[in-house]
Amino acid sequence: MDKKQQDELKNKAAIRAAELVEPGMKLGVGTGSTIAFFIDALGKRKKEEGLDLEALVTTSSRSKKQLEKWGFTVNELAEVDQLDLTIDGADRVDVNFDGIKGGGGALTMEKNVAANSEKVLWIVDESKLVDRLSGFPLPVEILPISCEQNFRRFRNDGLNPSWRMDGNKRFVTHYGNYIVDLNVDPIPIPRGLDDYLDKVVGVVETGLFLDMCDEVIIARSDGEIEDREK
């Protein structure tokens with residue numbers, strides 16, 4: 001499948017997701033190439049139908065700028081009690097609707113938005129579907145003050161860490177932290193690894209999104225759009 005065909009599928013899935021947004025919702029919006037199509041579909045609804053939202057929160061400055069170009073007002077998460085729905089992408093999704101996210105480096109914001117949403121929907125193409133979480137490094141956001149100790153611990157514990165890089169420098173998150181990618185493939189026990197990382201001092205957040213997703217819209221290579229609910 002070439003990029004043009006893949007983009008057409010992403011756009012179809014994004015339009016399907018945009019149809020689920022109801023007027024007056026408090027909506028969370030993620031980031032990524034598929035979400036860019038979703039924002040355009042949402043913007044067209046605003047232009048054609050006058051779609052109005054009570055609140056709108058996003059997980060990246062890129063999505064924020066795109067939403068504002070369509071005339072939406074973007075709120076801070078702290079200004080909203082609870083979101084009705086968050087629509088985002090995912091780097092991997094397994095059969096239990098658990099996922100790996102954070103390929104773009106915004107995992108902490110993405111998880112905060114998802115955790116404060118009544119419902120979470122992911123849009124993915126079928127290449128992101130796996131039986132077990134695998135095929136993508138697990139991002140872990142860590143504090144600079146303890147980053148070297150954290151890295152050594154991960155290496156000594158067999159998690160095959162590597163620094164997320166931005167050119168010849170370490171990637172710095174929105175919150176001023178670093179990201180270590182753990183190359184564990186497949187992740188044998190996601191909840192066990194999540195518990196382990198949660199106890200490591202200096203870890204801010206992980207890219208394991210467990211028990212958070214309620215619905216997945218899948219763009220398939222045959223042109224079909226599948227909607228799975230948990």
# chains A, B, ... in the order shown; residues from 1 in each chain; ligands from 1
$ residues_around --residues "Asp91 (chain A)" --least-positions-apart "5" --cutoff "12 Å" --atoms "only C-alpha atoms" --output "mmCIF file with C-alpha atoms, in the first residue's frame"
data_model
loop_
_atom_site.group_PDB
_atom_site.id
_atom_site.type_symbol
_atom_site.label_atom_id
_atom_site.label_comp_id
_atom_site.auth_asym_id
_atom_site.auth_seq_id
_atom_site.Cartn_x
_atom_site.Cartn_y
_atom_site.Cartn_z
ATOM 1 C CA THR A 31 -1.985 14.151 17.806
ATOM 2 C CA GLY A 32 -0.465 12.372 14.832
ATOM 3 C CA SER A 33 -1.089 11.941 11.105
ATOM 4 C CA THR A 34 -4.496 10.261 11.479
ATOM 5 C CA ASP A 98 -4.305 -2.148 25.741
ATOM 6 C CA GLY A 99 -1.807 -0.013 23.878
ATOM 7 C CA ILE A 100 1.591 1.565 23.498
ATOM 8 C CA LYS A 101 1.609 5.318 22.922
ATOM 9 C CA GLY A 102 4.208 8.059 23.048
ATOM 10 C CA GLY A 103 5.977 7.685 19.730
ATOM 11 C CA GLY A 104 5.678 11.451 19.354
ATOM 12 C CA GLY A 105 6.968 12.098 22.863
ATOM 13 C CA LEU A 107 2.845 10.365 26.476
ATOM 14 C CA TRP A 122 -8.347 5.346 19.201
ATOM 15 C CA ILE A 123 -8.067 5.595 15.409
ATOM 16 C CA VAL A 124 -5.475 3.262 13.882
ATOM 17 C CA ASP A 125 -4.619 1.499 10.649
ATOM 18 C CA GLU A 126 -4.459 -2.275 10.758
ATOM 19 C CA SER A 127 -0.645 -2.325 10.930
ATOM 20 C CA LYS A 128 -0.948 -1.138 14.547
ATOM 21 C CA LEU A 129 -2.983 -4.199 15.610
ATOM 22 C CA VAL A 130 -1.112 -6.953 17.479
ATOM 23 C CA LEU A 133 2.072 -5.607 22.703
ATOM 24 C CA SER A 134 5.100 -5.742 20.423
ATOM 25 C CA GLY A 135 6.784 -4.227 17.408
ATOM 26 C CA PHE A 136 7.291 -0.785 18.947
ATOM 27 C CA PRO A 137 9.681 0.476 21.678
ATOM 28 C CA LEU A 138 8.041 1.393 24.978
ATOM 29 C CA PRO A 139 8.598 5.088 25.804
ATOM 30 C CA GLY A 207 3.721 4.683 27.279
ATOM 31 C CA LEU A 208 1.737 1.684 28.502
ATOM 32 C CA PHE A 209 -1.935 2.606 28.209
#
$ select_by_dssp --residues "region 1-228 of chain A" --states "alpha helix (DSSP H)" --output "count of residues only"
70
$ atom_distance --atom1 "CA of Leu53 (chain A)" --atom2 "CA of Leu20 (chain A)"
12.8 Å
$ closest_residue --among "A:Asp131, A:Phe38, A:Val204, A:Leu51" --to "Leu9 (chain A)" --atoms "only C-alpha atoms"
A:Phe38
$ select_by_dssp --residues "region 93-209 of chain A" --states "strand (DSSP E)" --output "ChimeraX atom specification"
/A:93,99-100,117-125,138-142,161-163,165-166,169-170,178-182,203-206,208-209
$ residues_around --residues "Asp52 (chain A)" --least-positions-apart "3" --cutoff "8 Å" --atoms "only C-alpha atoms" --output "ChimeraX atom specification"
/A:23-24,46
$ closest_residue --among "A:Leu67, A:Lys10, A:Thr108, A:Tyr175" --to "Glu205 (chain A)" --atoms "only C-alpha atoms"
A:Thr108
$ closest_residue --among "A:Ala14, A:Val203, A:Leu121, A:Ala36" --to "Phe97 (chain A)" --atoms "only C-alpha atoms"
A:Leu121
$ atom_distance --atom1 "CA of Val120 (chain A)" --atom2 "CA of Gln82 (chain A)"
12.1 Å
$ residues_around --residues "Lys64 (chain A)" --least-positions-apart "4" --cutoff "10 Å" --atoms "only C-alpha atoms" --output "VMD selection string"
chain A and resid 29 to 31 39 56 to 60 68 to 69 72 to 75
$ write_last_selection --atoms "N, CA, C and O atoms" --output "tab-separated table (two decimals), in the first residue's frame"
chain	number	residue	atom	x	y	z
A	29	VAL	N	-8.57	15.79	22.14
A	29	VAL	CA	-8.05	15.49	20.80
A	29	VAL	C	-6.55	15.22	20.91
A	29	VAL	O	-5.81	16.02	21.49
A	30	GLY	N	-6.12	14.10	20.33
A	30	GLY	CA	-4.71	13.72	20.39
A	30	GLY	C	-3.88	14.37	19.31
A	30	GLY	O	-4.14	15.50	18.86
A	31	THR	N	-2.88	13.63	18.84
A	31	THR	CA	-1.99	14.15	17.81
A	31	THR	C	-1.54	13.01	16.89
A	31	THR	O	-1.77	11.85	17.20
A	39	ILE	N	-9.06	16.17	12.72
A	39	ILE	CA	-9.28	17.59	13.01
A	39	ILE	C	-9.88	18.29	11.79
A	39	ILE	O	-10.79	19.13	11.92
A	56	LEU	N	-12.65	21.97	24.70
A	56	LEU	CA	-11.78	21.23	23.79
A	56	LEU	C	-10.36	21.28	24.31
A	56	LEU	O	-9.79	22.35	24.52
A	57	VAL	N	-9.80	20.09	24.56
A	57	VAL	CA	-8.44	19.97	25.08
A	57	VAL	C	-7.63	19.14	24.09
A	57	VAL	O	-8.15	18.17	23.53
A	58	THR	N	-6.37	19.49	23.88
A	58	THR	CA	-5.54	18.70	22.99
A	58	THR	C	-4.22	18.34	23.66
A	58	THR	O	-3.88	18.89	24.71
A	59	THR	N	-3.49	17.42	23.03
A	59	THR	CA	-2.26	16.89	23.65
A	59	THR	C	-0.99	17.41	23.01
A	59	THR	O	0.10	16.99	23.39
A	60	SER	N	-1.10	18.30	22.02
A	60	SER	CA	0.11	18.82	21.38
A	60	SER	C	-0.13	20.20	20.82
A	60	SER	O	-1.26	20.59	20.49
A	68	GLU	N	-7.24	25.60	16.07
A	68	GLU	CA	-7.49	27.04	16.10
A	68	GLU	C	-7.66	27.60	14.69
A	68	GLU	O	-8.43	28.55	14.48
A	69	LYS	N	-6.98	27.01	13.71
A	69	LYS	CA	-7.16	27.45	12.32
A	69	LYS	C	-8.59	27.21	11.85
A	69	LYS	O	-9.10	27.95	10.99
A	72	PHE	N	-11.74	26.74	16.37
A	72	PHE	CA	-12.05	26.18	17.68
A	72	PHE	C	-11.24	26.91	18.77
A	72	PHE	O	-10.11	27.33	18.54
A	73	THR	N	-11.84	27.02	19.94
A	73	THR	CA	-11.13	27.51	21.12
A	73	THR	C	-10.60	26.32	21.90
A	73	THR	O	-11.35	25.39	22.20
A	74	VAL	N	-9.31	26.31	22.18
A	74	VAL	CA	-8.68	25.18	22.87
A	74	VAL	C	-8.44	25.53	24.33
A	74	VAL	O	-7.84	26.58	24.64
A	75	ASN	N	-8.91	24.67	25.22
A	75	ASN	CA	-8.78	24.87	26.66
A	75	ASN	C	-7.57	24.11	27.21
A	75	ASN	O	-7.05	23.20	26.60
$ closest_residue --among "A:Asn112, A:Ser63, A:Asn156, A:Ser117" --to "Asp84 (chain A)" --atoms "only C-alpha atoms"
A:Ser117
$ residues_around --residues "Glu148 (chain A)" --least-positions-apart "4" --cutoff "12 Å" --atoms "only C-alpha atoms" --output "number ranges by chain"
A: 142-144, 152-155, 161-163, 178-180, 202-203
$ write_last_selection --atoms "C-alpha atoms" --output "PDB file, in the first residue's frame"
ATOM      1  CA  ILE A 142      12.164  10.253  33.162  1.00  0.00           C
ATOM      2  CA  LEU A 143      13.435  13.192  35.188  1.00  0.00           C
ATOM      3  CA  PRO A 144      16.859  14.565  34.185  1.00  0.00           C
ATOM      4  CA  ARG A 152      21.608   1.922  34.164  1.00  0.00           C
ATOM      5  CA  ARG A 153      18.865   0.232  36.161  1.00  0.00           C
ATOM      6  CA  PHE A 154      16.833  -0.483  33.036  1.00  0.00           C
ATOM      7  CA  ARG A 155      19.928  -1.856  31.290  1.00  0.00           C
ATOM      8  CA  PRO A 161      17.051   0.941  26.994  1.00  0.00           C
ATOM      9  CA  SER A 162      18.014   3.543  24.406  1.00  0.00           C
ATOM     10  CA  TRP A 163      17.846   7.317  24.633  1.00  0.00           C
ATOM     11  CA  TYR A 178      13.965  12.866  28.760  1.00  0.00           C
ATOM     12  CA  ILE A 179      12.551   9.743  27.147  1.00  0.00           C
ATOM     13  CA  VAL A 180      14.121   6.318  27.329  1.00  0.00           C
ATOM     14  CA  GLY A 202      12.444   9.354  38.618  1.00  0.00           C
ATOM     15  CA  VAL A 203       9.969   7.798  36.198  1.00  0.00           C
TER      16      VAL A 203
END
$ atom_distance --atom1 "CA of Ile217 (chain A)" --atom2 "CA of Ala17 (chain A)"
7.3 Å
$ closest_residue --among "A:Glu118, A:Glu8, A:Gly43, A:Asn160" --to "Met25 (chain A)" --atoms "only C-alpha atoms"
A:Glu118
$ closest_residue --among "A:Ile218, A:Met212, A:Val172, A:Val140" --to "Leu197 (chain A)" --atoms "only C-alpha atoms"
A:Val140
